[in-house]
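> Contents of coords00.txt (compact mmCIF, C-alpha atoms) are below:
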# COMPACT_ATOMS: atom_id res chain seq x y z
CA LEU A 1 10.89 -45.28 -7.21
CA ASP A 2 11.19 -41.67 -6.02
CA ALA A 3 14.88 -41.65 -6.89
CA HIS A 4 14.03 -42.28 -10.51
CA LEU A 5 11.41 -39.56 -10.78
CA VAL A 6 12.48 -36.41 -12.61
CA SER A 7 10.71 -33.15 -11.87
CA SER A 8 9.68 -30.72 -14.57
CA SER A 9 12.28 -28.28 -13.24
CA ALA A 10 15.01 -30.85 -13.68
CA LEU A 11 13.81 -31.79 -17.15
CA CYS A 12 14.18 -28.25 -18.40
CA THR A 13 17.92 -28.35 -17.66
CA MET A 14 18.49 -31.07 -20.29
CA ALA A 15 20.06 -29.83 -23.53
CA PRO A 16 18.15 -30.46 -26.79
CA THR A 17 19.67 -32.90 -29.27
CA SER A 18 20.53 -32.05 -32.87
CA VAL A 19 17.36 -33.88 -33.90
CA ASN A 20 15.27 -31.71 -31.58
CA LEU A 21 16.82 -28.54 -32.99
CA ALA A 22 16.49 -29.68 -36.62
CA LEU A 23 12.81 -30.52 -36.14
CA ARG A 24 12.26 -27.20 -34.40
CA ALA A 25 13.90 -25.27 -37.25
CA THR A 26 11.83 -27.10 -39.87
CA LEU A 27 8.61 -26.56 -37.95
CA ALA A 28 9.54 -22.92 -37.38
CA LEU A 29 9.81 -22.17 -41.10
CA LEU A 30 6.68 -24.11 -42.05
CA VAL A 31 4.45 -22.71 -39.34
CA ALA A 32 5.76 -19.15 -39.64
CA GLY A 33 5.18 -19.20 -43.39
CA LYS A 34 1.64 -20.48 -42.95
CA LEU A 35 0.94 -17.99 -40.16
CA ALA A 36 2.10 -15.02 -42.23
CA SER A 37 0.38 -16.03 -45.50
CA SER A 38 -2.96 -16.91 -43.89
CA GLY A 39 -2.92 -13.70 -41.85
CA TYR A 40 -2.32 -11.65 -44.99
CA LYS A 41 -5.07 -13.46 -46.92
CA ARG A 42 -7.57 -12.91 -44.10
CA GLN A 43 -6.57 -9.22 -44.01
CA SER A 44 -5.56 -9.48 -40.35
CA LEU A 45 -1.99 -8.59 -41.42
CA SER A 46 -0.71 -5.98 -43.86
CA LYS A 47 2.28 -6.79 -46.09
CA SER A 48 4.74 -5.42 -43.55
CA GLY A 49 2.84 -7.16 -40.78
CA ALA A 50 3.02 -10.49 -42.61
CA LEU A 51 6.80 -10.18 -43.03
CA ALA A 52 7.24 -9.28 -39.38
CA ALA A 53 4.94 -12.15 -38.35
CA PHE A 54 7.05 -14.60 -40.36
CA LEU A 55 10.29 -13.49 -38.68
CA VAL A 56 8.74 -13.44 -35.21
CA GLY A 57 7.06 -16.82 -35.71
CA ALA A 58 10.20 -18.49 -37.05
CA LEU A 59 12.39 -17.21 -34.20
CA SER A 60 9.77 -18.06 -31.56
CA PHE A 61 9.29 -21.65 -32.73
CA ALA A 62 13.03 -22.14 -33.17
CA SER A 63 13.56 -20.96 -29.59
CA HIS A 64 10.98 -23.33 -28.10
CA MET A 65 7.80 -24.96 -29.33
CA THR A 66 5.85 -23.63 -26.36
CA PHE A 67 6.89 -20.05 -27.14
CA GLY A 68 5.85 -20.39 -30.77
CA GLY A 69 2.61 -22.11 -29.85
CA VAL A 70 1.60 -19.44 -27.36
CA LEU A 71 2.40 -16.81 -29.98
CA ILE A 72 -0.02 -18.49 -32.41
CA LEU A 73 -2.63 -18.87 -29.68
CA PHE A 74 -2.42 -15.14 -28.98
CA TYR A 75 -2.72 -14.09 -32.62
CA ALA A 76 -5.44 -16.64 -33.42
CA THR A 77 -7.67 -15.59 -30.53
CA GLY A 78 -6.91 -11.91 -31.07
CA SER A 79 -7.84 -12.08 -34.77
CA LYS A 80 -11.09 -13.88 -34.00
CA LEU A 81 -12.08 -11.36 -31.34
CA THR A 82 -11.18 -8.41 -33.59
CA ARG A 83 -13.84 -9.60 -36.03
CA LEU A 84 -16.43 -10.03 -33.26
CA GLN A 85 -19.37 -7.68 -33.92
CA SER A 86 -17.24 -5.64 -36.33
CA ASP A 87 -20.19 -3.47 -37.39
CA LYS A 88 -20.68 -2.24 -33.84
CA LYS A 89 -16.95 -1.55 -33.43
CA ARG A 90 -16.89 0.39 -36.69
CA ALA A 91 -19.62 2.61 -35.26
CA ILE A 92 -17.53 3.28 -32.15
CA GLU A 93 -14.09 3.90 -33.69
CA ASP A 94 -13.58 5.94 -36.84
CA PHE A 95 -10.26 4.20 -37.59
CA TYR A 96 -11.49 0.63 -37.05
CA VAL A 97 -10.36 -1.78 -39.80
CA VAL A 98 -12.10 -5.13 -40.34
CA GLY A 99 -9.77 -7.98 -39.40
CA GLY A 100 -7.38 -5.60 -37.67
CA GLN A 101 -4.81 -5.46 -40.50
CA ARG A 102 -1.87 -5.26 -38.10
CA GLY A 103 1.25 -3.68 -39.52
CA ALA A 104 4.87 -4.46 -38.66
CA GLY A 105 4.84 -1.98 -35.78
CA GLN A 106 1.83 -3.63 -34.14
CA VAL A 107 3.22 -7.12 -34.66
CA LEU A 108 6.62 -6.26 -33.20
CA SER A 109 5.19 -4.31 -30.26
CA CYS A 110 3.31 -7.48 -29.29
CA SER A 111 6.20 -9.90 -29.74
CA ILE A 112 9.69 -8.40 -29.91
CA PHE A 113 10.58 -8.74 -26.21
CA ALA A 114 9.29 -12.32 -26.15
CA VAL A 115 11.56 -13.07 -29.10
CA PHE A 116 14.58 -11.67 -27.25
CA ALA A 117 13.74 -13.69 -24.12
CA GLY A 118 13.17 -16.79 -26.23
CA ILE A 119 16.55 -16.49 -27.95
CA ALA A 120 18.24 -16.06 -24.57
CA HIS A 121 16.40 -19.17 -23.37
CA LEU A 122 17.62 -21.14 -26.41
CA VAL A 123 21.23 -20.11 -25.81
CA LEU A 124 21.01 -21.28 -22.20
CA GLU A 125 19.21 -24.45 -23.25
CA VAL A 126 21.88 -25.44 -25.77
CA SER A 127 24.72 -24.62 -23.37
CA GLU A 128 22.90 -26.32 -20.45
CA GLY A 129 22.95 -23.06 -18.53
CA SER A 130 21.09 -22.16 -15.34
CA GLY A 131 17.73 -23.94 -15.12
CA GLN A 132 16.38 -21.28 -12.79
CA LEU A 133 17.22 -18.50 -15.23
CA ARG A 134 15.66 -20.45 -18.07
CA ARG A 135 12.43 -20.88 -16.14
CA ALA A 136 12.43 -17.15 -15.38
CA LEU A 137 12.85 -16.45 -19.11
CA SER A 138 10.00 -18.87 -19.86
CA ALA A 139 7.82 -16.98 -17.38
CA ALA A 140 8.86 -13.72 -19.06
CA VAL A 141 7.76 -15.01 -22.48
CA LEU A 142 4.47 -16.26 -21.08
CA GLY A 143 3.87 -13.03 -19.17
CA HIS A 144 4.59 -11.10 -22.35
CA PHE A 145 1.86 -12.86 -24.32
CA ALA A 146 -0.51 -12.92 -21.33
CA CYS A 147 -0.19 -9.12 -21.21
CA CYS A 148 -0.84 -8.83 -24.96
CA ALA A 149 -3.76 -11.24 -24.82
CA GLY A 150 -5.22 -9.55 -21.77
CA ASP A 151 -5.10 -6.15 -23.43
CA THR A 152 -6.49 -7.46 -26.73
CA TRP A 153 -9.29 -9.48 -25.15
CA ALA A 154 -10.21 -6.54 -22.90
CA SER A 155 -10.27 -4.11 -25.83
CA GLU A 156 -12.19 -6.31 -28.25
CA ILE A 157 -14.72 -7.67 -25.74
CA GLY A 158 -14.94 -4.77 -23.29
CA VAL A 159 -15.87 -2.28 -25.99
CA LEU A 160 -19.07 -4.28 -26.50
CA ALA A 161 -20.20 -3.87 -22.87
CA LYS A 162 -23.67 -2.38 -22.40
CA SER A 163 -22.53 0.00 -19.65
CA PRO A 164 -19.93 2.70 -20.46
CA PRO A 165 -16.33 2.12 -19.35
CA ARG A 166 -14.81 4.11 -16.49
CA LEU A 167 -11.55 6.03 -16.73
CA VAL A 168 -8.77 4.34 -14.76
CA THR A 169 -7.10 7.60 -13.74
CA THR A 170 -10.28 8.76 -11.94
CA LEU A 171 -10.35 5.56 -9.86
CA PHE A 172 -13.09 4.29 -12.21
CA TRP A 173 -15.45 7.14 -11.31
CA ARG A 174 -15.76 9.06 -14.59
CA PRO A 175 -17.65 7.31 -17.42
CA VAL A 176 -16.14 7.71 -20.90
CA PRO A 177 -17.20 6.64 -24.41
CA PRO A 178 -16.40 3.05 -25.47
CA GLY A 179 -13.00 2.85 -27.15
CA THR A 180 -11.42 5.52 -24.93
CA ASN A 181 -7.80 4.81 -24.02
CA GLY A 182 -7.77 4.10 -20.29
CA GLY A 183 -11.44 3.20 -20.11
CA MET A 184 -12.13 -0.07 -18.28
CA SER A 185 -15.30 -2.09 -17.70
CA LEU A 186 -16.10 -5.17 -15.64
CA LEU A 187 -16.60 -7.16 -18.83
CA GLY A 188 -13.28 -6.01 -20.27
CA THR A 189 -11.40 -6.66 -17.04
CA ALA A 190 -12.82 -10.18 -16.80
CA ALA A 191 -11.84 -10.73 -20.43
CA SER A 192 -8.26 -9.64 -19.74
CA GLY A 193 -7.90 -12.19 -16.95
CA LEU A 194 -9.46 -14.89 -19.11
CA GLY A 195 -7.13 -14.05 -22.00
CA GLY A 196 -4.05 -14.32 -19.80
CA LEU A 197 -5.30 -17.58 -18.26
CA CYS A 198 -5.88 -18.96 -21.76
CA MET A 199 -2.20 -18.32 -22.56
CA GLY A 200 -1.14 -20.09 -19.36
CA LEU A 201 -3.27 -23.16 -20.05
CA GLY A 202 -2.04 -23.22 -23.63
CA ALA A 203 1.58 -23.14 -22.46
CA SER A 204 1.01 -26.14 -20.19
CA CYS A 205 -0.59 -28.13 -23.02
CA LEU A 206 2.30 -27.29 -25.34
CA ASP A 207 4.83 -28.25 -22.65
CA ALA A 208 3.24 -31.70 -22.56
CA ILE A 209 3.04 -32.09 -26.35
CA GLY A 210 6.58 -30.92 -27.22
CA PRO A 211 8.48 -33.97 -25.90
CA LEU A 212 6.05 -36.33 -27.66
CA LEU A 213 6.91 -34.67 -30.99
CA LEU A 214 10.68 -34.89 -30.29
CA LEU A 215 10.89 -31.10 -30.11
CA GLY A 216 12.68 -31.00 -26.75
CA ASP A 217 11.55 -30.83 -23.14
CA GLY A 218 9.03 -28.43 -21.67
CA THR A 219 9.83 -25.04 -20.21
CA GLY A 220 9.91 -26.35 -16.65
CA LEU A 221 6.94 -24.33 -15.43
CA SER A 222 4.18 -26.29 -13.70
CA LEU A 223 0.50 -26.03 -14.58
CA ALA A 224 -0.04 -23.89 -11.49
CA GLY A 225 2.93 -21.70 -12.43
CA ASN A 226 1.72 -21.19 -15.99
CA CYS A 227 -1.81 -20.36 -14.85
CA ALA A 228 -0.59 -18.01 -12.13
CA VAL A 229 1.66 -16.10 -14.52
CA GLY A 230 -0.99 -16.01 -17.25
CA LEU A 231 -3.87 -14.84 -15.07
CA SER A 232 -1.92 -12.28 -13.04
CA MET A 233 -0.07 -10.76 -15.98
CA GLY A 234 -3.20 -10.68 -18.12
CA LEU A 235 -4.91 -8.55 -15.47
CA PHE A 236 -1.83 -6.49 -14.56
CA GLY A 237 -0.92 -5.89 -18.20
CA SER A 238 -4.41 -4.67 -19.04
CA LEU A 239 -4.45 -2.32 -16.05
CA LEU A 240 -0.97 -0.97 -16.84
CA ASP A 241 -1.76 -0.50 -20.53
CA SER A 242 -4.96 1.34 -19.61
CA PHE A 243 -3.13 3.65 -17.21
CA LEU A 244 -0.41 4.45 -19.75
CA GLY A 245 -3.03 4.97 -22.46
CA ALA A 246 -5.03 7.33 -20.26
CA THR A 247 -1.99 9.48 -19.44
CA LEU A 248 0.51 9.27 -22.30
CA GLN A 249 -1.84 8.77 -25.24
CA ALA A 250 -4.52 11.26 -26.20
CA THR A 251 -8.06 10.16 -27.03
CA TYR A 252 -10.23 12.37 -29.26
CA TYR A 253 -14.00 12.19 -29.57
CA ASP A 254 -16.28 13.61 -32.27
CA GLU A 255 -19.34 14.84 -30.38
CA ASP A 256 -21.39 15.26 -33.54
CA ARG A 257 -20.78 11.75 -34.88
CA LYS A 258 -20.53 10.16 -31.40
CA ILE A 259 -17.37 8.29 -32.33
CA ILE A 260 -13.70 8.00 -31.27
CA VAL A 261 -11.41 9.55 -33.89
CA SER A 262 -7.68 9.61 -34.53
CA SER A 263 -5.37 12.39 -33.36
CA GLU A 264 -5.31 13.67 -36.95
CA LYS A 265 -8.85 14.98 -36.41
CA GLN A 266 -7.90 17.19 -33.45
CA GLY A 267 -8.77 20.84 -33.89
CA LYS A 268 -11.71 20.11 -36.16
CA PRO A 269 -15.22 21.32 -35.21
CA GLY A 270 -16.94 19.06 -32.68
CA VAL A 271 -13.76 17.10 -31.85
CA LYS A 272 -12.55 17.26 -28.25
CA ARG A 273 -9.81 15.55 -26.24
CA ILE A 274 -11.28 13.22 -23.63
CA CYS A 275 -8.11 12.33 -21.75
CA GLY A 276 -4.37 11.85 -22.01
CA THR A 277 -1.59 13.81 -23.66
CA ASP A 278 -0.35 13.26 -27.18
CA ILE A 279 3.07 11.85 -26.21
CA LEU A 280 3.00 8.21 -27.31
CA SER A 281 1.22 6.35 -30.09
CA ASN A 282 -0.85 3.24 -29.46
CA GLU A 283 2.03 0.99 -30.59
CA GLN A 284 4.45 2.81 -28.28
CA VAL A 285 2.10 2.45 -25.31
CA ASN A 286 1.79 -1.27 -26.05
CA LEU A 287 5.56 -1.59 -26.36
CA LEU A 288 6.19 0.11 -23.02
CA SER A 289 3.55 -1.84 -21.11
CA VAL A 290 4.68 -5.16 -22.59
CA LEU A 291 8.31 -4.43 -21.72
CA LEU A 292 7.43 -3.69 -18.09
CA VAL A 293 5.22 -6.77 -17.79
CA THR A 294 7.82 -9.03 -19.44
CA VAL A 295 10.46 -7.97 -16.93
CA ALA A 296 8.00 -8.20 -14.03
CA SER A 297 6.96 -11.71 -15.07
CA GLY A 298 10.47 -13.13 -15.11
CA TRP A 299 11.51 -11.38 -11.90
CA SER A 300 8.38 -12.23 -9.90
CA TYR A 301 8.44 -15.87 -10.97
CA SER A 302 12.08 -16.17 -9.93
CA VAL A 303 11.33 -14.65 -6.51
CA LEU A 304 8.29 -16.88 -5.93
CA GLU A 305 10.25 -19.94 -6.98
CA GLU A 306 13.03 -19.14 -4.52
CA GLN A 307 10.37 -18.83 -1.80
CA GLY A 308 9.01 -22.24 -2.74
CA ILE A 309 5.63 -20.82 -3.73
CA LEU A 310 5.87 -21.87 -7.39
Would you write the structure of this file as structure tokens?


Amino acid sequence: LDAHLVSSSALCTMAPTSVNLALRATLALLVAGKLASSGYKRQSLSKSGALAAFLVGALSFASHMTFGGVLILFYATGSKLTRLQSDKKRAIEDFYVVGGQRGAGQVLSCSIFAVFAGIAHLVLEVSEGSGQLRRALSAAVLGHFACCAGDTWASEIGVLAKSPPRLVTTLFWRPVPPGTNGGMSLLGTAASGLGGLCMGLGASCLDAIGPLLLLGDGTGLSLAGNCAVGLSMGLFGSLLDSFLGATLQATYYDEDRKIIVSSEKQGKPGVKRICGTDILSNEQVNLLSVLLVTVASGWSYSVLEEQGIL
């Protein structure tokens, strides 16, 4: 009996059939269109954001159902959390927009590297290339969205904490106003780990569903592997994003209104810089942190797999 058992790692080396690819392409267009239109109608996406979401969604689903599904899971949970206690968030951040209204820059900064890794995975899948490299790319995609989810969950939930966040660059000693780049709280940190773990569990569910829908085999990552990547990269990504935000992105605070304001308000009466330098924008900080976590995810998974740990 053991000789006839096929491990998940072996399954992921099987090439998809033309039927699998045709179904994937059809699903990709349908789901991406629905994702973009519904996001625009709910005001969670601007026009440019909706167009970018369609392209990202189509390419992600065409690459692998699990990649596209995790993408939707990230955006669905992120959009819900953005609306959580929106009145309180509006009182904390001067530039807060109900529903988020993500533009193309925000959409791409939270997805572009996953799309590249997904396309590389598809090329290897069709050509029956290295199974180990494909699993590393799968881990990179998952780590990418775990990082994005961890940062989003931490930001949207952590800002509602009753106690003020602590600045990461002061070893969490200095309290700062809610919404400060680089400010972390216990609630936000727990949310980042939970967000990453949610992506990992979602990936495992999608890996199991894909073959049943004739969309091809799973990614080859085990439940433990998906959860380990999701949880660790959700926490690491949130910490890295906070550190980069506290150093390379300036945060300005209006002392009179008691609210975080954009860099455009600098120099005005009552507005002071809390931390950071005005080098990168929020989208650029996200892009850099996600790039580093995506690479770290694929590399660390490959190393742990070689050691027989995952």

> Would you kindly identify which residues have an atom no farther than 10 Å from (-4.5, -19.1, -36.3), using all atoms listed in the file and the file's own coordinates, and write them out as a ChimeraX atom specification?

/A:34-36,38-39,71-80

> List the spatial neighbours of Leu29 in chain A as a list in words - criterion: any atom at most 9 Å away, all atoms listed in the file, same-chain residues fewer than 2 positions off excluded.

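Everything that qualifies: Arg24, Ala25, Thr26, Leu27, Val31, Ala32, Gly33, Lys34, Phe54, Gly57, Ala58, Leu59, Phe61 and Ala62 of chain A.
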
> Rounded to one decimal, what separation in Å do you get between CA of Gln284 in chain A and CA of Ser238 in chain A?

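About the pair CA of Gln284 in chain A and CA of Ser238 in chain A: they are 14.8 Å apart.
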
> For Val123 in chain A, list every protein, DNA or RNA residue within 12 Å, evaluated using all atoms listed in the file, and leave out those in the same chain fewer than 3 positions away; present the list as a list in words.

Ala15, Pro16, Leu21, Ala62, Ser63, His64, Phe116, Ala117, Gly118, Ile119, Ala120, Val126, Ser127, Glu128, Gly129, Ser130, Gly131, Leu133, Arg134 and Leu137 of chain A

> Provide the CA of Ala22 in chain A to CA of Phe113 in chain A distance in Å, to one decimal place.

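Separation of CA of Ala22 in chain A and CA of Phe113 in chain A: 24.1 Å.
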
> Identify which of the residues A:Leu122, A:Ala203, A:Leu244, A:Ala154 lies closest to Glu283 in chain A, counting all atoms listed in the file when measuring atom-to-atom distances.

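Looking at the shortest contact to Glu283 in chain A, the residue is A:Leu244.
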
> Taking (5.3, -1.5, -27.2) in the file's coordinates as the center, which residues reach within 10 Å of it, counting only C-alpha atoms, put as a compact mmCIF listing (two decimals) with C-alpha atoms, in the frame of the given file?


# COMPACT_ATOMS: atom_id res chain seq x y z
CA GLY A 105 4.84 -1.98 -35.78
CA GLN A 106 1.83 -3.63 -34.14
CA VAL A 107 3.22 -7.12 -34.66
CA LEU A 108 6.62 -6.26 -33.20
CA SER A 109 5.19 -4.31 -30.26
CA CYS A 110 3.31 -7.48 -29.29
CA SER A 111 6.20 -9.90 -29.74
CA ILE A 112 9.69 -8.40 -29.91
CA PHE A 113 10.58 -8.74 -26.21
CA CYS A 148 -0.84 -8.83 -24.96
CA ASP A 241 -1.76 -0.50 -20.53
CA LEU A 280 3.00 8.21 -27.31
CA SER A 281 1.22 6.35 -30.09
CA ASN A 282 -0.85 3.24 -29.46
CA GLU A 283 2.03 0.99 -30.59
CA GLN A 284 4.45 2.81 -28.28
CA VAL A 285 2.10 2.45 -25.31
CA ASN A 286 1.79 -1.27 -26.05
CA LEU A 287 5.56 -1.59 -26.36
CA LEU A 288 6.19 0.11 -23.02
CA SER A 289 3.55 -1.84 -21.11
CA VAL A 290 4.68 -5.16 -22.59
CA LEU A 291 8.31 -4.43 -21.72
CA LEU A 292 7.43 -3.69 -18.09

> Might you pull out every residue within 6 Å of Arg166 in chain A, with only C-alpha atoms counted and same-chain residues fewer than 2 positions away left off, and present them as a ChimeraX atom specification?

/A:172,174-176,183-184

> Rounded to one decimal, what separation in Å do you get between CA of Gly202 in chain A and CA of Ala53 in chain A?

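These atoms are spaced 19.7 Å apart.
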
> Closest to Gln249 in chain A among A:Gly270, A:Lys265, A:Gly103, A:Thr277, using only C-alpha atoms?

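The answer is A:Thr277, which sits nearest to Gln249 in chain A.
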
> Which one is closest to Ser163 in chain A: A:Leu187, A:Ile260, A:Leu142, A:Cys198? Count all atoms listed in the file.

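Residue with the minimum atom-to-atom distance to Ser163 in chain A: A:Leu187.
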
> Can you pull out the residues contacting Leu221 in chain A? Cut-off 12 Å, using only C-alpha atoms, and skip same-chain residues under 2 positions away; I want them as an MDAnalysis selection string.

chainID A and resid 7:13 66 131:142 200:201 203:208 217:219 223:230 298 301:302 305 310

> Write out as a PDB file with C-alpha atoms, keeping the file's coordinate frame the residues lying within 12 Å of Ala191 in chain A, counting all atoms listed in the file and excluding same-chain residues fewer than 6 positions away.


ATOM      1  CA  THR A  77      -7.670 -15.590 -30.530  1.00  0.00           C
ATOM      2  CA  GLY A  78      -6.910 -11.910 -31.070  1.00  0.00           C
ATOM      3  CA  LEU A  81     -12.080 -11.360 -31.340  1.00  0.00           C
ATOM      4  CA  ALA A 146      -0.510 -12.920 -21.330  1.00  0.00           C
ATOM      5  CA  CYS A 147      -0.190  -9.120 -21.210  1.00  0.00           C
ATOM      6  CA  ALA A 149      -3.760 -11.240 -24.820  1.00  0.00           C
ATOM      7  CA  GLY A 150      -5.220  -9.550 -21.770  1.00  0.00           C
ATOM      8  CA  ASP A 151      -5.100  -6.150 -23.430  1.00  0.00           C
ATOM      9  CA  THR A 152      -6.490  -7.460 -26.730  1.00  0.00           C
ATOM     10  CA  TRP A 153      -9.290  -9.480 -25.150  1.00  0.00           C
ATOM     11  CA  ALA A 154     -10.210  -6.540 -22.900  1.00  0.00           C
ATOM     12  CA  SER A 155     -10.270  -4.110 -25.830  1.00  0.00           C
ATOM     13  CA  GLU A 156     -12.190  -6.310 -28.250  1.00  0.00           C
ATOM     14  CA  ILE A 157     -14.720  -7.670 -25.740  1.00  0.00           C
ATOM     15  CA  GLY A 158     -14.940  -4.770 -23.290  1.00  0.00           C
ATOM     16  CA  VAL A 159     -15.870  -2.280 -25.990  1.00  0.00           C
ATOM     17  CA  LEU A 160     -19.070  -4.280 -26.500  1.00  0.00           C
ATOM     18  CA  ALA A 161     -20.200  -3.870 -22.870  1.00  0.00           C
ATOM     19  CA  MET A 184     -12.130  -0.070 -18.280  1.00  0.00           C
ATOM     20  CA  SER A 185     -15.300  -2.090 -17.700  1.00  0.00           C
ATOM     21  CA  LEU A 197      -5.300 -17.580 -18.260  1.00  0.00           C
ATOM     22  CA  CYS A 198      -5.880 -18.960 -21.760  1.00  0.00           C
ATOM     23  CA  LEU A 231      -3.870 -14.840 -15.070  1.00  0.00           C
ATOM     24  CA  GLY A 234      -3.200 -10.680 -18.120  1.00  0.00           C
ATOM     25  CA  LEU A 235      -4.910  -8.550 -15.470  1.00  0.00           C
ATOM     26  CA  SER A 238      -4.410  -4.670 -19.040  1.00  0.00           C
TER      27      SER A 238
END

> Counting only C-alpha atoms, which of A:Glu125, A:Ala52, A:Gly69, A:Pro177 gets nearest to Lys258 in chain A?

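Under the stated criterion, the closest residue is A:Pro177.
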
> Rank A:Ala50, A:Leu248, A:Asp256, A:Tyr40 by their smallest atom-to-atom distance to Lys268 in chain A, using only C-alpha atoms, and report the top residue only.

A:Asp256

> Please rebuild range 35-48 of chain A with N, CA, C and O atoms and give the result as a compact mmCIF listing (two decimals), in the frame of the given file.


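Below is the file part.txt, written as the result:
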# COMPACT_ATOMS: atom_id res chain seq x y z
N LEU A 35 1.51 -19.04 -41.01
CA LEU A 35 0.94 -17.99 -40.16
C LEU A 35 0.90 -16.65 -40.89
O LEU A 35 -0.11 -15.95 -40.89
N ALA A 36 2.01 -16.30 -41.54
CA ALA A 36 2.10 -15.02 -42.23
C ALA A 36 1.18 -14.96 -43.46
O ALA A 36 0.47 -13.97 -43.68
N SER A 37 1.19 -16.04 -44.27
CA SER A 37 0.38 -16.03 -45.50
C SER A 37 -1.11 -16.04 -45.20
O SER A 37 -1.88 -15.32 -45.83
N SER A 38 -1.53 -16.86 -44.21
CA SER A 38 -2.96 -16.91 -43.89
C SER A 38 -3.43 -15.60 -43.27
O SER A 38 -4.54 -15.15 -43.54
N GLY A 39 -2.57 -14.98 -42.45
CA GLY A 39 -2.92 -13.70 -41.85
C GLY A 39 -3.09 -12.61 -42.90
O GLY A 39 -3.99 -11.77 -42.81
N TYR A 40 -2.24 -12.64 -43.91
CA TYR A 40 -2.32 -11.65 -44.99
C TYR A 40 -3.57 -11.88 -45.84
O TYR A 40 -4.26 -10.92 -46.22
N LYS A 41 -3.89 -13.15 -46.11
CA LYS A 41 -5.07 -13.46 -46.92
C LYS A 41 -6.36 -13.09 -46.21
O LYS A 41 -7.32 -12.66 -46.84
N ARG A 42 -6.38 -13.25 -44.88
CA ARG A 42 -7.57 -12.91 -44.10
C ARG A 42 -7.64 -11.43 -43.78
O ARG A 42 -8.58 -10.98 -43.12
N GLN A 43 -6.64 -10.67 -44.23
CA GLN A 43 -6.57 -9.22 -44.01
C GLN A 43 -6.37 -8.86 -42.54
O GLN A 43 -6.65 -7.73 -42.14
N SER A 44 -5.90 -9.80 -41.73
CA SER A 44 -5.56 -9.48 -40.35
C SER A 44 -4.14 -8.95 -40.26
O SER A 44 -3.73 -8.42 -39.22
N LEU A 45 -3.36 -9.10 -41.34
CA LEU A 45 -1.99 -8.59 -41.42
C LEU A 45 -1.79 -7.83 -42.72
O LEU A 45 -2.27 -8.26 -43.78
N SER A 46 -1.11 -6.70 -42.64
CA SER A 46 -0.71 -5.98 -43.86
C SER A 46 0.53 -6.68 -44.42
O SER A 46 1.02 -7.67 -43.85
N LYS A 47 1.07 -6.18 -45.52
CA LYS A 47 2.28 -6.79 -46.09
C LYS A 47 3.45 -6.72 -45.11
O LYS A 47 4.17 -7.71 -44.91
N SER A 48 3.64 -5.56 -44.52
CA SER A 48 4.74 -5.42 -43.55
C SER A 48 4.48 -6.26 -42.31
O SER A 48 5.39 -6.85 -41.73
